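Visitor: Got a file for you: final_38.cif, mmCIF, C-alpha atoms.
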```cif
data_work
loop_
_atom_site.group_PDB
_atom_site.id
_atom_site.type_symbol
_atom_site.label_atom_id
_atom_site.label_comp_id
_atom_site.auth_asym_id
_atom_site.auth_seq_id
_atom_site.Cartn_x
_atom_site.Cartn_y
_atom_site.Cartn_z
ATOM 1 C CA MET A 1 90.181 106.551 65.826
ATOM 2 C CA LYS A 2 89.988 108.040 69.330
ATOM 3 C CA LYS A 3 87.624 105.231 70.360
ATOM 4 C CA ASN A 4 90.103 102.602 69.138
ATOM 5 C CA ARG A 5 92.936 104.245 71.080
ATOM 6 C CA PHE A 6 90.795 104.248 74.231
ATOM 7 C CA LYS A 7 89.875 100.591 73.718
ATOM 8 C CA LYS A 8 93.517 99.634 73.189
ATOM 9 C CA ALA A 9 94.584 101.541 76.318
ATOM 10 C CA TRP A 10 91.845 99.882 78.389
ATOM 11 C CA LEU A 11 92.804 96.437 77.100
ATOM 12 C CA ASN A 12 96.475 97.050 77.873
ATOM 13 C CA GLU A 13 95.609 98.229 81.396
ATOM 14 C CA HIS A 14 93.345 95.226 81.918
ATOM 15 C CA LEU A 15 95.928 92.679 80.761
ATOM 16 C CA THR A 16 98.672 94.170 82.942
ATOM 17 C CA ASP A 17 96.448 94.715 85.990
ATOM 18 C CA PRO A 18 97.884 92.706 88.933
ATOM 19 C CA TYR A 19 94.376 92.099 90.318
ATOM 20 C CA VAL A 20 93.214 90.657 86.979
ATOM 21 C CA LYS A 21 96.216 88.319 86.985
ATOM 22 C CA GLN A 22 95.584 87.353 90.600
ATOM 23 C CA ALA A 23 91.911 86.654 89.865
ATOM 24 C CA GLN A 24 92.911 84.305 87.051
ATOM 25 C CA LYS A 25 95.411 82.576 89.333
ATOM 26 C CA ASP A 26 92.882 82.224 92.180
ATOM 27 C CA ASN A 27 90.123 81.139 89.772
ATOM 28 C CA TYR A 28 87.825 84.075 90.488
ATOM 29 C CA ARG A 29 85.537 85.483 87.804
ATOM 30 C CA SER A 30 86.591 89.119 88.219
ATOM 31 C CA ARG A 31 89.085 91.379 89.981
ATOM 32 C CA ALA A 32 86.213 92.876 92.024
ATOM 33 C CA VAL A 33 86.631 90.039 94.524
ATOM 34 C CA TYR A 34 89.716 91.714 95.998
ATOM 35 C CA LYS A 35 87.705 94.803 96.948
ATOM 36 C CA LEU A 36 85.395 92.612 99.013
ATOM 37 C CA ARG A 37 88.258 90.578 100.462
ATOM 38 C CA GLU A 38 90.124 93.685 101.613
ATOM 39 C CA ILE A 39 87.014 95.122 103.290
ATOM 40 C CA ASP A 40 86.130 91.770 104.846
ATOM 41 C CA GLU A 41 89.609 91.269 106.278
ATOM 42 C CA ALA A 42 89.771 94.818 107.657
ATOM 43 C CA HIS A 43 86.295 94.815 109.230
ATOM 44 C CA ARG A 44 85.658 91.106 109.917
ATOM 45 C CA LEU A 45 82.447 91.219 107.969
ATOM 46 C CA LEU A 46 81.899 87.595 106.994
ATOM 47 C CA ARG A 47 82.035 84.281 108.846
ATOM 48 C CA PRO A 48 80.573 80.758 108.555
ATOM 49 C CA GLY A 49 76.957 80.333 109.620
ATOM 50 C CA GLN A 50 75.787 83.721 108.345
ATOM 51 C CA VAL A 51 72.896 84.432 106.004
ATOM 52 C CA VAL A 52 74.234 86.723 103.267
ATOM 53 C CA VAL A 53 72.508 88.416 100.324
ATOM 54 C CA ASP A 54 74.638 89.365 97.304
ATOM 55 C CA LEU A 55 72.895 92.030 95.168
ATOM 56 C CA GLY A 56 74.295 92.734 91.702
ATOM 57 C CA SER A 57 76.144 89.426 91.854
ATOM 58 C CA ALA A 58 77.048 88.711 88.197
ATOM 59 C CA PRO A 59 79.514 87.519 87.008
ATOM 60 C CA GLY A 60 79.813 85.897 90.425
ATOM 61 C CA ALA A 61 83.213 86.713 91.968
ATOM 62 C CA TRP A 62 81.703 87.976 95.228
ATOM 63 C CA SER A 63 79.468 84.893 95.395
ATOM 64 C CA GLN A 64 82.537 82.702 94.850
ATOM 65 C CA TYR A 65 84.302 84.453 97.719
ATOM 66 C CA LEU A 66 81.250 84.015 99.948
ATOM 67 C CA ALA A 67 80.991 80.326 99.114
ATOM 68 C CA ARG A 68 84.664 79.787 99.949
ATOM 69 C CA LYS A 69 84.565 81.895 103.113
ATOM 70 C CA LEU A 70 81.292 80.642 104.549
ATOM 71 C CA GLY A 71 81.885 77.065 103.473
ATOM 72 C CA ALA A 72 79.259 74.364 103.737
ATOM 73 C CA ASP A 73 77.928 75.483 107.132
ATOM 74 C CA ARG A 74 74.287 74.413 107.013
ATOM 75 C CA ALA A 75 73.252 77.165 109.421
ATOM 76 C CA GLY A 76 74.170 79.783 106.833
ATOM 77 C CA ALA A 77 72.914 80.638 103.367
ATOM 78 C CA ILE A 78 73.986 82.712 100.375
ATOM 79 C CA VAL A 79 71.315 84.207 98.131
ATOM 80 C CA ALA A 80 72.451 86.158 95.063
ATOM 81 C CA LEU A 81 70.475 88.287 92.620
ATOM 82 C CA ASP A 82 71.283 90.016 89.358
ATOM 83 C CA LEU A 83 69.544 91.307 86.256
ATOM 84 C CA LEU A 84 72.091 89.392 84.158
ATOM 85 C CA PRO A 85 72.517 85.617 84.043
ATOM 86 C CA MET A 86 75.224 84.121 86.255
ATOM 87 C CA GLU A 87 76.993 80.787 85.960
ATOM 88 C CA PRO A 88 76.157 78.634 88.988
ATOM 89 C CA VAL A 89 78.307 78.852 92.103
ATOM 90 C CA GLU A 90 78.102 75.828 94.391
ATOM 91 C CA GLY A 91 76.351 76.711 97.625
ATOM 92 C CA VAL A 92 74.758 79.874 96.225
ATOM 93 C CA HIS A 93 71.040 80.248 95.475
ATOM 94 C CA PHE A 94 70.927 82.553 92.421
ATOM 95 C CA ILE A 95 67.877 84.526 91.266
ATOM 96 C CA GLN A 96 67.902 86.317 87.922
ATOM 97 C CA GLY A 97 65.736 89.409 88.170
ATOM 98 C CA ASP A 98 65.587 93.197 88.353
ATOM 99 C CA PHE A 99 65.901 94.349 91.975
ATOM 100 C CA ARG A 100 63.831 97.421 91.095
ATOM 101 C CA GLU A 101 60.838 95.210 90.286
ATOM 102 C CA PRO A 102 58.492 93.904 93.023
ATOM 103 C CA GLU A 103 58.476 90.404 91.501
ATOM 104 C CA ALA A 104 62.263 90.006 91.876
ATOM 105 C CA LEU A 105 62.130 91.285 95.442
ATOM 106 C CA LYS A 106 59.339 88.822 96.227
ATOM 107 C CA ARG A 107 61.423 85.913 94.904
ATOM 108 C CA LEU A 108 64.450 87.070 96.878
ATOM 109 C CA GLU A 109 62.461 87.319 100.093
ATOM 110 C CA ALA A 110 60.918 83.883 99.494
ATOM 111 C CA ALA A 111 64.401 82.369 99.108
ATOM 112 C CA LEU A 112 65.308 83.567 102.606
ATOM 113 C CA LEU A 113 62.683 81.207 104.052
ATOM 114 C CA GLY A 114 61.867 83.704 106.787
ATOM 115 C CA ARG A 115 65.473 83.925 108.028
ATOM 116 C CA ARG A 116 66.938 87.271 109.033
ATOM 117 C CA VAL A 117 70.041 88.397 107.134
ATOM 118 C CA ASP A 118 73.459 88.986 108.711
ATOM 119 C CA VAL A 119 75.088 90.822 105.791
ATOM 120 C CA VAL A 120 73.718 92.483 102.660
ATOM 121 C CA LEU A 121 76.276 93.136 99.920
ATOM 122 C CA SER A 122 75.391 95.433 97.036
ATOM 123 C CA ASP A 123 77.669 95.738 94.025
ATOM 124 C CA MET A 124 74.750 97.020 91.942
ATOM 125 C CA ALA A 125 75.296 99.806 89.435
ATOM 126 C CA PRO A 126 72.795 101.230 86.937
ATOM 127 C CA ASN A 127 73.350 101.446 83.212
ATOM 128 C CA LEU A 128 74.810 104.921 82.831
ATOM 129 C CA SER A 129 73.538 107.363 80.223
ATOM 130 C CA GLY A 130 76.338 109.919 80.472
ATOM 131 C CA ILE A 131 73.853 112.534 81.686
ATOM 132 C CA ALA A 132 75.195 113.332 85.150
ATOM 133 C CA SER A 133 71.914 114.256 86.841
ATOM 134 C CA ALA A 134 70.036 111.246 85.458
ATOM 135 C CA ASP A 135 72.841 108.840 86.346
ATOM 136 C CA ALA A 136 73.112 110.250 89.883
ATOM 137 C CA ALA A 137 69.358 109.782 90.344
ATOM 138 C CA ARG A 138 69.597 106.137 89.189
ATOM 139 C CA ILE A 139 72.467 105.486 91.601
ATOM 140 C CA GLU A 140 70.505 107.024 94.463
ATOM 141 C CA HIS A 141 67.407 104.977 93.600
ATOM 142 C CA LEU A 142 69.333 101.691 93.778
ATOM 143 C CA ALA A 143 70.909 102.824 97.057
ATOM 144 C CA GLU A 144 67.480 103.585 98.525
ATOM 145 C CA LEU A 145 66.177 100.155 97.509
ATOM 146 C CA ALA A 146 69.167 98.385 99.077
ATOM 147 C CA LEU A 147 68.832 100.438 102.269
ATOM 148 C CA ASP A 148 65.113 99.651 102.473
ATOM 149 C CA PHE A 149 65.783 95.931 101.992
ATOM 150 C CA ALA A 150 68.514 95.983 104.649
ATOM 151 C CA GLY A 151 66.246 97.841 107.061
ATOM 152 C CA ASN A 152 63.538 95.221 106.641
ATOM 153 C CA TRP A 153 65.666 92.062 106.724
ATOM 154 C CA LEU A 154 68.917 92.616 108.626
ATOM 155 C CA GLU A 155 69.575 91.270 112.087
ATOM 156 C CA ALA A 156 69.919 94.068 114.669
ATOM 157 C CA ASP A 157 73.727 93.755 114.548
ATOM 158 C CA GLY A 158 73.808 93.144 110.786
ATOM 159 C CA ALA A 159 75.704 95.079 108.135
ATOM 160 C CA LEU A 160 75.173 96.538 104.664
ATOM 161 C CA LEU A 161 78.137 97.031 102.319
ATOM 162 C CA MET A 162 77.181 99.029 99.244
ATOM 163 C CA LYS A 163 79.074 100.232 96.204
ATOM 164 C CA SER A 164 78.261 103.842 95.365
ATOM 165 C CA PHE A 165 79.817 106.669 93.365
ATOM 166 C CA HIS A 166 80.898 110.213 94.061
ATOM 167 C CA THR A 167 77.937 112.031 92.529
ATOM 168 C CA GLY A 168 75.775 114.938 93.585
ATOM 169 C CA TYR A 169 73.670 112.533 95.653
ATOM 170 C CA PHE A 170 76.511 110.802 97.499
ATOM 171 C CA SER A 171 76.279 112.939 100.634
ATOM 172 C CA GLN A 172 72.542 112.157 100.805
ATOM 173 C CA ILE A 173 73.260 108.433 100.584
ATOM 174 C CA VAL A 174 75.772 108.692 103.460
ATOM 175 C CA THR A 175 73.240 110.701 105.485
ATOM 176 C CA ARG A 176 70.647 107.973 104.956
ATOM 177 C CA PHE A 177 73.185 105.364 106.120
ATOM 178 C CA LYS A 178 73.804 107.379 109.283
ATOM 179 C CA GLN A 179 70.082 107.534 109.952
ATOM 180 C CA GLN A 180 69.805 103.767 109.643
ATOM 181 C CA PHE A 181 73.102 102.460 111.124
ATOM 182 C CA ARG A 182 75.039 103.173 114.300
ATOM 183 C CA VAL A 183 78.452 102.884 112.605
ATOM 184 C CA VAL A 184 79.081 104.157 109.048
ATOM 185 C CA ARG A 185 82.359 104.065 107.117
ATOM 186 C CA THR A 186 83.262 105.137 103.574
ATOM 187 C CA LEU A 187 85.935 102.934 102.022
ATOM 188 C CA LYS A 188 88.148 102.962 98.936
ATOM 189 C CA PRO A 189 89.820 99.542 98.627
ATOM 190 C CA LYS A 190 93.232 99.297 96.972
ATOM 191 C CA ALA A 191 91.729 97.144 94.211
ATOM 192 C CA SER A 192 89.405 100.016 93.248
ATOM 193 C CA ARG A 193 91.129 101.897 90.439
ATOM 194 C CA ASP A 194 92.324 105.403 91.355
ATOM 195 C CA ARG A 195 90.480 107.036 88.449
ATOM 196 C CA SER A 196 87.224 105.277 89.367
ATOM 197 C CA ALA A 197 84.539 107.343 91.103
ATOM 198 C CA GLU A 198 83.345 104.271 92.983
ATOM 199 C CA VAL A 199 83.380 104.243 96.756
ATOM 200 C CA PHE A 200 81.994 101.713 99.229
ATOM 201 C CA VAL A 201 79.798 102.555 102.184
ATOM 202 C CA LEU A 202 79.651 100.152 105.132
ATOM 203 C CA GLY A 203 76.904 100.481 107.710
ATOM 204 C CA SER A 204 76.673 98.185 110.737
ATOM 205 C CA GLY A 205 74.315 97.894 113.675
ATOM 206 C CA LEU A 206 70.773 98.972 112.887
ATOM 207 C CA ARG A 207 69.425 101.945 114.810
ATOM 208 C CA LYS A 208 66.091 101.369 116.507
ATOM 209 C CA GLN A 209 63.391 103.021 114.449
ATOM 210 C CA GLY A 210 60.439 104.902 115.869
#
```
Please rewrite the model in this file as structure tokens.

Guide:
Amino acid sequence: MKKNRFKKAWLNEHLTDPYVKQAQKDNYRSRAVYKLREIDEAHRLLRPGQVVVDLGSAPGAWSQYLARKLGADRAGAIVALDLLPMEPVEGVHFIQGDFREPEALKRLEAALLGRRVDVVLSDMAPNLSGIASADAARIEHLAELALDFAGNWLEADGALLMKSFHTGYFSQIVTRFKQQFRVVRTLKPKASRDRSAEVFVLGSGLRKQG
């Protein structure tokens, strides 16, 4: 009974959500696009001609935004990856695979054709078990993988925007960002629901290592 009440409340919230309505109107696949748009507009993150990697891309709203924003500029490229299938988005090279597995990473790197990346976006989130310590460890692991990828592939003035969560490991994730990037910001877009523990971390300008 309690589960049904929760489901009904969620459905009611979803149907009355202004961002859900706007996404339908703008023909985006999810409301998550407005989180990216707000951050992009505030920090001038994306522009035509860039090479952008979209991690955790399904159902594809961020990829849609990228395709519309970057346009058909042949100098740029959009490569997206997700464990789940994703309907095609024109102008986006999609790879279905698990970012935690070497094979998926190899395919992603091959798709870049040796080009350095201007922006890495990560909307990845693990399947949560409800066990706080285990979930926090999974979140940190994905963060570490995204940070490693960004460190290896970003241009010197490139940026990594990552979704994270307020867990016991969050301060460690921010510390790692500060070790890797010259400028680090934590962001809570208006489209992110108040009760959600999600928070975005934006790092720009790679520090010289060594």

Visitor: Select, from A:Glu41, A:Glu90, A:Glu101, A:Asp123, the residue with the minimum atom-to-atom distance to Ala58 in chain A, counting all atoms listed in the file.

Guide: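 Smallest separation from Ala58 in chain A among the options: A:Asp123.
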
Visitor: Just give me the gap between CA of Thr167 in chain A and CA of Ala191 in chain A in Å, one decimal is fine.

Guide: 20.4 Å

Visitor: Which residues fall under the PyMOL selection byres ((chain A and resi 65) around 12) in this file, as a PyMOL selection string?

Guide: chain A and resi 23+26-38+40+46-47+52+54+57+60-64+66-71+78+89-92

Visitor: Any idea what's packed within 12 Å of Ser196 in chain A, counting only C-alpha atoms, ignoring anything in its chain fewer than 4 positions away? Could you give it as a ChimeraX atom specification?

Guide: /A:163-167,188-192,200

Visitor: For this file, the PyMOL selection byres ((chain A and resi 170-185) around 6) selects which residues, as a PDB file with C-alpha atoms, keeping the file's coordinate frame?

Guide:
```pdb
ATOM      1  CA  HIS A 166      80.898 110.213  94.061  1.00  0.00           C
ATOM      2  CA  THR A 167      77.937 112.031  92.529  1.00  0.00           C
ATOM      3  CA  GLY A 168      75.775 114.938  93.585  1.00  0.00           C
ATOM      4  CA  TYR A 169      73.670 112.533  95.653  1.00  0.00           C
ATOM      5  CA  THR A 186      83.262 105.137 103.574  1.00  0.00           C
ATOM      6  CA  VAL A 201      79.798 102.555 102.184  1.00  0.00           C
ATOM      7  CA  LEU A 202      79.651 100.152 105.132  1.00  0.00           C
ATOM      8  CA  GLY A 203      76.904 100.481 107.710  1.00  0.00           C
ATOM      9  CA  SER A 204      76.673  98.185 110.737  1.00  0.00           C
ATOM     10  CA  GLY A 205      74.315  97.894 113.675  1.00  0.00           C
ATOM     11  CA  LEU A 206      70.773  98.972 112.887  1.00  0.00           C
ATOM     12  CA  ARG A 207      69.425 101.945 114.810  1.00  0.00           C
TER      13      ARG A 207
END
```

Visitor: To one decimal place, how far is CA of Ala80 in chain A from CA of Phe94 in chain A in Å?

Guide: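 Interatomic distance, CA of Ala80 in chain A to CA of Phe94 in chain A: 4.7 Å.
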